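As provided, my_file-v6.pdb (PDB, C-alpha atoms (C1' of nucleotides)) reads as follows.
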```
MODEL        1
ATOM      1  CA  MET A  84       6.482   2.629 -19.367  1.00  0.00           C
ATOM      2  CA  GLU A  85      10.177   3.462 -19.020  1.00  0.00           C
ATOM      3  CA  ILE A  86      11.651   3.437 -15.527  1.00  0.00           C
ATOM      4  CA  THR A  87      15.195   4.141 -14.385  1.00  0.00           C
ATOM      5  CA  VAL A  88      15.972   3.468 -10.739  1.00  0.00           C
ATOM      6  CA  PRO A  89      18.213   6.290  -9.397  1.00  0.00           C
ATOM      7  CA  HIS A  90      20.028   4.145  -6.853  1.00  0.00           C
ATOM      8  CA  ALA A  91      21.531   0.699  -6.268  1.00  0.00           C
ATOM      9  CA  TRP A  92      19.568  -1.988  -4.468  1.00  0.00           C
ATOM     10  CA  PRO A  93      20.532  -2.146  -0.798  1.00  0.00           C
ATOM     11  CA  SER A  94      21.752  -5.391   0.711  1.00  0.00           C
ATOM     12  CA  THR A  95      21.573  -4.269   4.325  1.00  0.00           C
ATOM     13  CA  PRO A  96      19.022  -2.332   6.398  1.00  0.00           C
ATOM     14  CA  GLN A  97      21.619   0.404   6.896  1.00  0.00           C
ATOM     15  CA  GLU A  98      22.014   0.919   3.170  1.00  0.00           C
ATOM     16  CA  ALA A  99      18.260   0.935   2.744  1.00  0.00           C
ATOM     17  CA  GLU A 100      17.793   3.629   5.378  1.00  0.00           C
ATOM     18  CA  ALA A 101      20.529   5.717   3.772  1.00  0.00           C
ATOM     19  CA  ILE A 102      18.678   5.612   0.439  1.00  0.00           C
ATOM     20  CA  GLN A 103      15.463   6.773   2.061  1.00  0.00           C
ATOM     21  CA  ASN A 104      17.226   9.593   3.887  1.00  0.00           C
ATOM     22  CA  ALA A 105      18.854  10.729   0.654  1.00  0.00           C
ATOM     23  CA  LEU A 106      15.615  10.729  -1.345  1.00  0.00           C
ATOM     24  CA  ARG A 107      13.209  12.163   1.201  1.00  0.00           C
ATOM     25  CA  GLY A 108      14.006  15.737   0.267  1.00  0.00           C
ATOM     26  CA  GLN A 109      12.740  15.181  -3.266  1.00  0.00           C
ATOM     27  CA  VAL A 110       9.140  14.531  -2.290  1.00  0.00           C
ATOM     28  CA  ASP A 111       6.654  17.117  -3.486  1.00  0.00           C
ATOM     29  CA  ALA A 112       3.707  17.056  -1.090  1.00  0.00           C
ATOM     30  CA  SER A 113       1.689  19.709  -2.926  1.00  0.00           C
ATOM     31  CA  GLY A 114      -0.236  19.849  -6.145  1.00  0.00           C
ATOM     32  CA  SER A 115      -3.483  18.534  -7.486  1.00  0.00           C
ATOM     33  CA  VAL A 116      -4.254  15.955 -10.140  1.00  0.00           C
ATOM     34  CA  THR A 117      -7.195  15.252 -12.381  1.00  0.00           C
ATOM     35  CA  PRO A 118      -6.057  11.868 -13.632  1.00  0.00           C
ATOM     36  CA  ARG A 119      -7.470  10.281 -16.762  1.00  0.00           C
ATOM     37  CA  THR A 120      -5.948   6.942 -15.800  1.00  0.00           C
ATOM     38  CA  VAL A 121      -4.961   5.528 -12.414  1.00  0.00           C
ATOM     39  CA  ALA A 122      -2.720   2.541 -11.729  1.00  0.00           C
ATOM     40  CA  GLY A 123      -3.267   0.307  -8.714  1.00  0.00           C
ATOM     41  CA  LEU A 124      -0.298  -1.677  -7.398  1.00  0.00           C
ATOM     42  CA  ASP A 125      -0.127  -4.721  -5.165  1.00  0.00           C
ATOM     43  CA  VAL A 126       2.031  -7.761  -4.428  1.00  0.00           C
ATOM     44  CA  SER A 127       1.055 -11.298  -3.412  1.00  0.00           C
ATOM     45  CA  TYR A 128       3.305 -13.854  -1.716  1.00  0.00           C
ATOM     46  CA  ALA A 129       3.424 -17.637  -1.950  1.00  0.00           C
ATOM     47  CA  GLY A 130       3.345 -19.720   1.204  1.00  0.00           C
ATOM     48  CA  ASP A 131       4.714 -18.061   4.307  1.00  0.00           C
ATOM     49  CA  GLY A 132       5.359 -14.619   2.865  1.00  0.00           C
ATOM     50  CA  GLY A 133       7.744 -13.825   5.671  1.00  0.00           C
ATOM     51  CA  GLY A 134      10.665 -15.634   4.051  1.00  0.00           C
ATOM     52  CA  VAL A 135      13.516 -13.882   2.274  1.00  0.00           C
ATOM     53  CA  HIS A 136      13.203 -15.809  -0.965  1.00  0.00           C
ATOM     54  CA  ALA A 137       9.455 -16.055  -1.176  1.00  0.00           C
ATOM     55  CA  ARG A 138       7.904 -16.208  -4.628  1.00  0.00           C
ATOM     56  CA  VAL A 139       5.951 -13.064  -5.355  1.00  0.00           C
ATOM     57  CA  ALA A 140       3.693 -11.686  -8.050  1.00  0.00           C
ATOM     58  CA  ALA A 141       3.317  -7.927  -8.514  1.00  0.00           C
ATOM     59  CA  ALA A 142       0.415  -6.416 -10.415  1.00  0.00           C
ATOM     60  CA  ALA A 143      -0.197  -3.021 -11.976  1.00  0.00           C
ATOM     61  CA  VAL A 144      -3.766  -2.426 -13.086  1.00  0.00           C
ATOM     62  CA  VAL A 145      -4.645   0.751 -14.946  1.00  0.00           C
ATOM     63  CA  LEU A 146      -8.212   2.006 -14.636  1.00  0.00           C
ATOM     64  CA  ASP A 147     -10.083   4.797 -16.354  1.00  0.00           C
ATOM     65  CA  ALA A 148     -10.394   7.326 -13.541  1.00  0.00           C
ATOM     66  CA  GLY A 149     -13.903   8.255 -14.583  1.00  0.00           C
ATOM     67  CA  THR A 150     -15.556   4.900 -15.212  1.00  0.00           C
ATOM     68  CA  LEU A 151     -13.155   2.725 -13.195  1.00  0.00           C
ATOM     69  CA  ASP A 152     -13.049   0.337 -16.134  1.00  0.00           C
ATOM     70  CA  VAL A 153      -9.827  -1.634 -16.650  1.00  0.00           C
ATOM     71  CA  VAL A 154      -7.638  -0.065 -19.331  1.00  0.00           C
ATOM     72  CA  GLU A 155      -4.566  -2.272 -19.041  1.00  0.00           C
ATOM     73  CA  GLU A 156      -3.050  -4.922 -16.801  1.00  0.00           C
ATOM     74  CA  SER A 157       0.529  -6.033 -16.174  1.00  0.00           C
ATOM     75  CA  VAL A 158       1.951  -8.697 -13.873  1.00  0.00           C
ATOM     76  CA  ALA A 159       5.495  -9.686 -12.985  1.00  0.00           C
ATOM     77  CA  VAL A 160       6.671 -12.672 -10.981  1.00  0.00           C
ATOM     78  CA  GLY A 161       9.883 -12.841  -9.021  1.00  0.00           C
ATOM     79  CA  THR A 162      11.289 -13.260  -5.521  1.00  0.00           C
ATOM     80  CA  SER A 163      11.523 -10.936  -2.562  1.00  0.00           C
ATOM     81  CA  ASP A 164      15.212 -10.882  -1.686  1.00  0.00           C
ATOM     82  CA  PHE A 165      14.955  -8.284   1.051  1.00  0.00           C
ATOM     83  CA  PRO A 166      13.453  -9.298   4.428  1.00  0.00           C
ATOM     84  CA  TYR A 167      10.308  -7.698   5.722  1.00  0.00           C
ATOM     85  CA  VAL A 168      11.282  -4.928   8.109  1.00  0.00           C
ATOM     86  CA  PRO A 169       8.708  -2.322   9.149  1.00  0.00           C
ATOM     87  CA  GLY A 170       9.945   0.918   7.641  1.00  0.00           C
ATOM     88  CA  LEU A 171      11.926  -0.835   4.907  1.00  0.00           C
ATOM     89  CA  PHE A 172       8.955  -2.579   3.428  1.00  0.00           C
ATOM     90  CA  ALA A 173       9.443  -0.859   0.067  1.00  0.00           C
ATOM     91  CA  PHE A 174      12.668  -2.711  -0.682  1.00  0.00           C
ATOM     92  CA  ARG A 175      10.829  -5.989  -0.436  1.00  0.00           C
ATOM     93  CA  GLU A 176       8.271  -5.148  -3.109  1.00  0.00           C
ATOM     94  CA  LEU A 177       9.865  -2.498  -5.317  1.00  0.00           C
ATOM     95  CA  PRO A 178      11.873  -4.717  -7.703  1.00  0.00           C
ATOM     96  CA  THR A 179       8.872  -6.751  -8.809  1.00  0.00           C
ATOM     97  CA  LEU A 180       6.498  -3.786  -8.774  1.00  0.00           C
ATOM     98  CA  ILE A 181       8.840  -1.887 -11.083  1.00  0.00           C
ATOM     99  CA  GLU A 182       8.905  -4.829 -13.470  1.00  0.00           C
ATOM    100  CA  ALA A 183       5.108  -4.813 -13.513  1.00  0.00           C
ATOM    101  CA  LEU A 184       5.073  -1.075 -14.266  1.00  0.00           C
ATOM    102  CA  ARG A 185       7.615  -1.545 -17.059  1.00  0.00           C
ATOM    103  CA  GLY A 186       5.197  -3.982 -18.625  1.00  0.00           C
ATOM    104  CA  LEU A 187       2.610  -1.266 -19.139  1.00  0.00           C
ATOM    105  CA  SER A 188       2.354   0.203 -22.626  1.00  0.00           C
ATOM    106  CA  THR A 189       0.709   3.316 -21.238  1.00  0.00           C
ATOM    107  CA  THR A 190       1.896   5.718 -18.548  1.00  0.00           C
ATOM    108  CA  PRO A 191      -0.764   6.237 -15.860  1.00  0.00           C
ATOM    109  CA  ASP A 192      -1.477   9.702 -14.437  1.00  0.00           C
ATOM    110  CA  LEU A 193      -1.480   8.507 -10.823  1.00  0.00           C
ATOM    111  CA  LEU A 194      -0.157   5.588  -8.767  1.00  0.00           C
ATOM    112  CA  VAL A 195      -2.171   4.181  -5.880  1.00  0.00           C
ATOM    113  CA  CYS A 196       0.059   2.128  -3.589  1.00  0.00           C
ATOM    114  CA  ASP A 197      -0.800  -0.472  -0.976  1.00  0.00           C
ATOM    115  CA  GLY A 198       0.957   1.049   2.032  1.00  0.00           C
ATOM    116  CA  TYR A 199       2.242   4.417   3.231  1.00  0.00           C
ATOM    117  CA  GLY A 200       3.944   7.467   1.776  1.00  0.00           C
ATOM    118  CA  LEU A 201       5.033  10.321   4.054  1.00  0.00           C
ATOM    119  CA  ALA A 202       3.461   8.655   7.098  1.00  0.00           C
ATOM    120  CA  HIS A 203       6.664   6.759   7.723  1.00  0.00           C
ATOM    121  CA  PRO A 204       9.487   6.777  10.310  1.00  0.00           C
ATOM    122  CA  ARG A 205      11.803   8.537   7.828  1.00  0.00           C
ATOM    123  CA  ARG A 206       8.981  10.188   5.881  1.00  0.00           C
ATOM    124  CA  PHE A 207       9.646   7.961   2.877  1.00  0.00           C
ATOM    125  CA  GLY A 208       7.384   4.952   2.535  1.00  0.00           C
ATOM    126  CA  LEU A 209       6.598   2.820  -0.516  1.00  0.00           C
ATOM    127  CA  ALA A 210       4.397   5.453  -2.184  1.00  0.00           C
ATOM    128  CA  CYS A 211       7.245   7.989  -2.012  1.00  0.00           C
ATOM    129  CA  HIS A 212       9.693   5.501  -3.493  1.00  0.00           C
ATOM    130  CA  LEU A 213       7.402   4.781  -6.429  1.00  0.00           C
ATOM    131  CA  GLY A 214       6.573   8.443  -6.932  1.00  0.00           C
ATOM    132  CA  ILE A 215      10.219   9.512  -7.044  1.00  0.00           C
ATOM    133  CA  ILE A 216      11.326   6.571  -9.185  1.00  0.00           C
ATOM    134  CA  THR A 217       8.613   7.116 -11.793  1.00  0.00           C
ATOM    135  CA  GLY A 218       8.249  10.865 -11.415  1.00  0.00           C
ATOM    136  CA  LEU A 219       4.485  10.333 -11.300  1.00  0.00           C
ATOM    137  CA  PRO A 220       1.949  11.566  -8.752  1.00  0.00           C
ATOM    138  CA  ALA A 221       1.526   8.834  -6.132  1.00  0.00           C
ATOM    139  CA  ILE A 222      -0.496   8.225  -2.992  1.00  0.00           C
ATOM    140  CA  GLY A 223      -0.504   5.521  -0.350  1.00  0.00           C
ATOM    141  CA  VAL A 224      -3.640   3.835   0.941  1.00  0.00           C
ATOM    142  CA  ALA A 225      -2.893   1.467   3.819  1.00  0.00           C
ATOM    143  CA  LYS A 226      -5.256  -0.926   5.550  1.00  0.00           C
ATOM    144  CA  THR A 227      -3.787  -0.872   9.058  1.00  0.00           C
ATOM    145  CA  ALA A 228      -2.044   1.597  11.361  1.00  0.00           C
ATOM    146  CA  PHE A 229       1.711   2.000  11.250  1.00  0.00           C
ATOM    147  CA  VAL A 230       3.091   5.251  12.630  1.00  0.00           C
ATOM    148  CA  GLY A 231       1.503   8.320  14.187  1.00  0.00           C
ATOM    149  CA  THR A 232      -1.492   8.935  16.398  1.00  0.00           C
ATOM    150  CA  HIS A 233      -5.071   9.760  15.509  1.00  0.00           C
ATOM    151  CA  GLU A 234      -8.600  10.153  16.760  1.00  0.00           C
ATOM    152  CA  GLN A 235     -11.362   7.933  15.475  1.00  0.00           C
ATOM    153  CA  PRO A 236     -12.933   9.622  12.419  1.00  0.00           C
ATOM    154  CA  GLY A 237     -16.695  10.069  12.044  1.00  0.00           C
ATOM    155  CA  ALA A 238     -18.753   7.038  11.057  1.00  0.00           C
ATOM    156  CA  ARG A 239     -19.771   8.260   7.600  1.00  0.00           C
ATOM    157  CA  ARG A 240     -18.083   7.875   4.215  1.00  0.00           C
ATOM    158  CA  GLY A 241     -15.805  10.843   3.685  1.00  0.00           C
ATOM    159  CA  ASP A 242     -15.186  11.473   7.389  1.00  0.00           C
ATOM    160  CA  GLY A 243     -11.541  11.699   8.325  1.00  0.00           C
ATOM    161  CA  SER A 244      -9.162  12.618  11.108  1.00  0.00           C
ATOM    162  CA  PRO A 245      -5.531  13.744  10.944  1.00  0.00           C
ATOM    163  CA  LEU A 246      -2.742  11.228  11.325  1.00  0.00           C
ATOM    164  CA  LEU A 247      -0.168  13.043  13.439  1.00  0.00           C
ATOM    165  CA  LEU A 248       3.549  12.359  13.760  1.00  0.00           C
ATOM    166  CA  ASP A 249       5.786  14.724  15.721  1.00  0.00           C
ATOM    167  CA  GLY A 250       3.078  17.364  15.597  1.00  0.00           C
ATOM    168  CA  ALA A 251       2.718  17.256  11.810  1.00  0.00           C
ATOM    169  CA  GLU A 252      -0.181  15.866   9.784  1.00  0.00           C
ATOM    170  CA  VAL A 253       1.545  13.143   7.784  1.00  0.00           C
ATOM    171  CA  GLY A 254      -1.629  11.448   6.618  1.00  0.00           C
ATOM    172  CA  ARG A 255      -5.334  11.045   7.232  1.00  0.00           C
ATOM    173  CA  VAL A 256      -7.494   8.286   8.634  1.00  0.00           C
ATOM    174  CA  LEU A 257     -10.306   8.192   6.096  1.00  0.00           C
ATOM    175  CA  ARG A 258     -13.667   6.432   6.214  1.00  0.00           C
ATOM    176  CA  THR A 259     -14.412   5.295   2.667  1.00  0.00           C
ATOM    177  CA  GLN A 260     -17.778   3.673   3.438  1.00  0.00           C
ATOM    178  CA  ASP A 261     -20.386   4.224   6.133  1.00  0.00           C
ATOM    179  CA  GLY A 262     -19.578   2.231   9.243  1.00  0.00           C
ATOM    180  CA  VAL A 263     -16.538   0.383   7.896  1.00  0.00           C
ATOM    181  CA  LYS A 264     -13.006   0.392   9.261  1.00  0.00           C
ATOM    182  CA  PRO A 265     -11.160   3.447   7.929  1.00  0.00           C
ATOM    183  CA  VAL A 266      -8.091   3.394   5.666  1.00  0.00           C
ATOM    184  CA  PHE A 267      -4.860   5.356   6.127  1.00  0.00           C
ATOM    185  CA  VAL A 268      -4.152   7.803   3.309  1.00  0.00           C
ATOM    186  CA  SER A 269      -0.814   9.543   2.892  1.00  0.00           C
ATOM    187  CA  VAL A 270       0.996  11.520   0.218  1.00  0.00           C
ATOM    188  CA  GLY A 271       3.530   9.760  -1.973  1.00  0.00           C
ATOM    189  CA  HIS A 272       4.589  12.435  -4.459  1.00  0.00           C
ATOM    190  CA  ARG A 273       3.243  15.455  -6.361  1.00  0.00           C
ATOM    191  CA  VAL A 274      -0.172  15.380  -4.639  1.00  0.00           C
ATOM    192  CA  GLY A 275      -1.442  17.237  -1.582  1.00  0.00           C
ATOM    193  CA  LEU A 276      -3.107  15.357   1.267  1.00  0.00           C
ATOM    194  CA  ASP A 277      -6.572  16.817   0.659  1.00  0.00           C
ATOM    195  CA  GLU A 278      -6.274  15.815  -2.964  1.00  0.00           C
ATOM    196  CA  ALA A 279      -5.036  12.353  -2.031  1.00  0.00           C
ATOM    197  CA  CYS A 280      -8.109  11.820   0.140  1.00  0.00           C
ATOM    198  CA  ARG A 281     -10.417  13.112  -2.571  1.00  0.00           C
ATOM    199  CA  LEU A 282      -8.866  10.675  -5.043  1.00  0.00           C
ATOM    200  CA  ALA A 283      -8.989   7.741  -2.630  1.00  0.00           C
ATOM    201  CA  LEU A 284     -12.656   8.410  -1.973  1.00  0.00           C
ATOM    202  CA  ALA A 285     -13.480   8.661  -5.670  1.00  0.00           C
ATOM    203  CA  LEU A 286     -11.729   5.365  -6.316  1.00  0.00           C
ATOM    204  CA  ALA A 287     -13.721   3.613  -3.597  1.00  0.00           C
ATOM    205  CA  PRO A 288     -17.381   4.164  -4.552  1.00  0.00           C
ATOM    206  CA  ARG A 289     -18.594   0.823  -3.234  1.00  0.00           C
ATOM    207  CA  TYR A 290     -16.025  -0.963  -1.108  1.00  0.00           C
ATOM    208  CA  ARG A 291     -13.607  -0.068   1.649  1.00  0.00           C
ATOM    209  CA  LEU A 292     -10.515  -0.218  -0.566  1.00  0.00           C
ATOM    210  CA  PRO A 293      -9.976   1.664  -3.848  1.00  0.00           C
ATOM    211  CA  GLU A 294     -10.929  -0.303  -6.970  1.00  0.00           C
ATOM    212  CA  THR A 295      -7.330   0.062  -8.104  1.00  0.00           C
ATOM    213  CA  THR A 296      -6.064  -1.805  -5.066  1.00  0.00           C
ATOM    214  CA  ARG A 297      -8.766  -4.451  -5.258  1.00  0.00           C
ATOM    215  CA  ARG A 298      -8.031  -5.159  -8.914  1.00  0.00           C
ATOM    216  CA  ALA A 299      -4.272  -5.331  -8.381  1.00  0.00           C
ATOM    217  CA  ASP A 300      -4.719  -7.586  -5.361  1.00  0.00           C
ATOM    218  CA  ARG A 301      -6.865 -10.029  -7.267  1.00  0.00           C
ATOM    219  CA  LEU A 302      -4.629 -10.049 -10.331  1.00  0.00           C
ATOM    220  CA  SER A 303      -1.413 -10.629  -8.389  1.00  0.00           C
ATOM    221  CA  ARG A 304      -3.037 -13.372  -6.353  1.00  0.00           C
ATOM    222  CA  ASP A 305      -4.435 -15.157  -9.402  1.00  0.00           C
ATOM    223  CA  ARG A 306      -1.140 -14.909 -11.280  1.00  0.00           C
ATOM    224  CA  LEU A 307       0.752 -16.369  -8.329  1.00  0.00           C
ATOM    225  CA  ALA A 308      -1.653 -19.266  -8.021  1.00  0.00           C
ATOM    226  CA  ALA A 309      -1.306 -19.985 -11.738  1.00  0.00           C
ATOM    227  CA  SER A 310       2.490 -20.071 -11.665  1.00  0.00           C
TER     228      SER A 310
ATOM    229  C1'  DG B 118      14.207  -1.761  29.227  1.00  0.00           C
ATOM    230  C1'  DC B 119       9.804  -3.573  26.768  1.00  0.00           C
ATOM    231  C1'  DG B 120       6.584  -3.740  23.214  1.00  0.00           C
ATOM    232  C1'  DA B 121       4.776  -2.283  18.531  1.00  0.00           C
ATOM    233  C1'  DC B 122       5.535  -2.551  13.929  1.00  0.00           C
ATOM    234  C1'  DA B 123       2.794  -0.846   6.244  1.00  0.00           C
ATOM    235  C1'  DG B 124       2.731  -5.948   3.535  1.00  0.00           C
TER     236       DG B 124
ATOM    237  C1'  DA C  44       1.632 -11.092   3.394  1.00  0.00           C
ATOM    238  C1'  DT C  45      -0.311 -16.104   4.240  1.00  0.00           C
ATOM    239  C1'  DC C  46      -2.628 -20.066   6.878  1.00  0.00           C
ATOM    240  C1'  DT C  47      -8.074 -21.107   7.793  1.00  0.00           C
ATOM    241  C1'  DT C  48     -14.194 -22.492   9.778  1.00  0.00           C
ATOM    242  C1'  DG C  49     -17.877 -20.829  10.576  1.00  0.00           C
ATOM    243  C1'  DT C  50     -20.939 -16.991  10.690  1.00  0.00           C
ATOM    244  C1'  DC C  51     -23.478 -12.633  10.075  1.00  0.00           C
ATOM    245  C1'  DG C  52     -25.653  -9.632   6.638  1.00  0.00           C
ATOM    246  C1'  DC C  53     -27.249  -7.730   2.170  1.00  0.00           C
TER     247       DC C  53
ENDMDL
END
```
Turn this file's structure into structure tokens for me.
Amino acid sequence: MEITVPHAWPSTPQEAEAIQNALRGQVDASGSVTPRTVAGLDVSYAGDGGGVHARVAAAAVVLDAGTLDVVEESVAVGTSDFPYVPGLFAFRELPTLIEALRGLSTTPDLLVCDGYGLAHPRRFGLACHLGIITGLPAIGVAKTAFVGTHEQPGARRGDGSPLLLDGAEVGRVLRTQDGVKPVFVSVGHRVGLDEACRLALALAPRYRLPETTRRADRLSRDRLAAS
DNA sequence: GCGACAG
DNA sequence: ATCTTGTCGC
């Protein structure tokens, strides 16, 4: 698919924050989607992934939203030239993720990102970046807590509790399987939170994480090991 | 002031 | 994220 990045790549944390502050107003946190295809995105790192020039592999795996069968896969290898800073995480993975998306011959109807969207210090996490850059509906499904407060959701699949930040619900702590640790769902772009949770649940019929994320994780890891 | 902190 | 043994459970 074609992608044009609407800004320069930052070389300092200050520039990165300025980009997020400038783009945050463009997020559309409403809407519903009935995707035919869904792309899962993930990045793997070689060695101590904390380094600034670590080798990385980014994967984009497109699944049929109904059957969860793989429709297309794309991987890109590169380096992460921006350090890992909580809140600026997107700048570390975006360049390679975008290359992976460009490698797709089809345009997916939804992006499922490994991380946060609006549940972010400046309300503009990785899922928002990818949503705005591509113009596509996007959601974030994170594995661990980052910002906000929340109560423990019920123990059953589908149970959830609001993720609150400054009195606003910026995401939801969602149980995707009975008795397993919940995931953190937040809006990236052009999808409401209820819809984002519904989609995340539908994409995780058997395991804790969405099939999209699991597929992208495995593909990026394998590709990195083979390079 | 001191920690905590998506991947 | 990645580095890692053994262990519990389906």
Kindly provide, as JSON, the centre and edge lengths (Å, one decimal) of an axis-aligned box around all atoms of chain B given in the file, with 3 Å on each side.
```
{"center_x": 8.5, "center_y": -3.4, "center_z": 16.4, "size_x": 17.5, "size_y": 11.1, "size_z": 31.7}
```
Please report the interatomic distance between atom CA of A:Ala202 and atom CA of A:Leu248 in Å with one decimal.
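Atom CA of A:Ala202 sits 7.6 Å away from atom CA of A:Leu248.
Residues in contact with stretch 231-238 of chain A at up to 6 Å, not including ones fewer than 4 positions away on its chain and judged by only C-alpha atoms (C1' of nucleotides), are Asp242, Gly243, Ser244, Leu246, Leu247, Leu248, Asp261 and Gly262 of chain A.
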Could you tell me how far atom CA of A:Thr259 lies from atom CA of A:Thr295, in Å and to one decimal?
13.9 Å
Compute the chain A side of the contact with chain C at 8 Å, counting all atoms listed in the file, and hand it back as a list in words.
Ser127, Tyr128, Ala129, Gly130, Asp131, Gly132 and Gly133 of chain A
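Here atom CA of A:Thr117 stands at a distance of 22.5 Å from atom CA of A:Ile86.
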Each residue of chain B with at least one atom at most 8 Å from chain A should appear once, together with its nearest atom pair and the corresponding distance in Å (one decimal); atoms considered: all atoms listed in the file; ordering: chain, then increasing residue number; output as a Markdown table.
```
| residue | atom | partner | partner_atom | distance |
| --- | --- | --- | --- | --- |
| B:DC122 | C1' | A:Pro169 | CA | 5.7 |
| B:DA123 | C1' | A:Gly198 | CA | 5.0 |
| B:DG124 | C1' | A:Phe172 | CA | 7.1 |
```
Distance query A:Leu180 at most 7 Å, all atoms listed in the file, self and fewer than 4 positions along chain excluded, as a list of chain:residue names
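Answer for this query is A:Ala141, A:Ala142, A:Glu176, A:Leu184.
All residues of protein, DNA or RNA that reach within 9 Å of A:Pro288, judged by only C-alpha atoms (C1' of nucleotides) and not counting those fewer than 4 positions away in the chain, are A:Thr259, A:Gln260, A:Leu284, A:Pro293, A:Glu294.
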Residues within 12 Å of A:Arg206, all atoms listed in the file, excluding chain neighbours under 3 positions, as number ranges by chain
A: 100, 103-112, 170-171, 199-203, 209-212, 230-231, 248-249, 251-254, 269-272
For the PyMOL selection byres ((chain A and resi 122) around 7), applied here, can you spell out every residue it catches as a PyMOL selection string?
chain A and resi 120-121+123-124+143-146+191+193-195+295
For A:Phe174, which of A:Ala159, A:Leu219, A:Leu151, A:Ile102 is the closest residue, counting all atoms listed in the file?
A:Ile102
As a list in words, please: the residues near A:Thr162 (cut-off 6 Å, all atoms listed in the file, same-chain neighbours under 6 positions excluded).
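Residues near the query, excluding close chain neighbours: His136, Ala137, Arg138 and Val139 of chain A.
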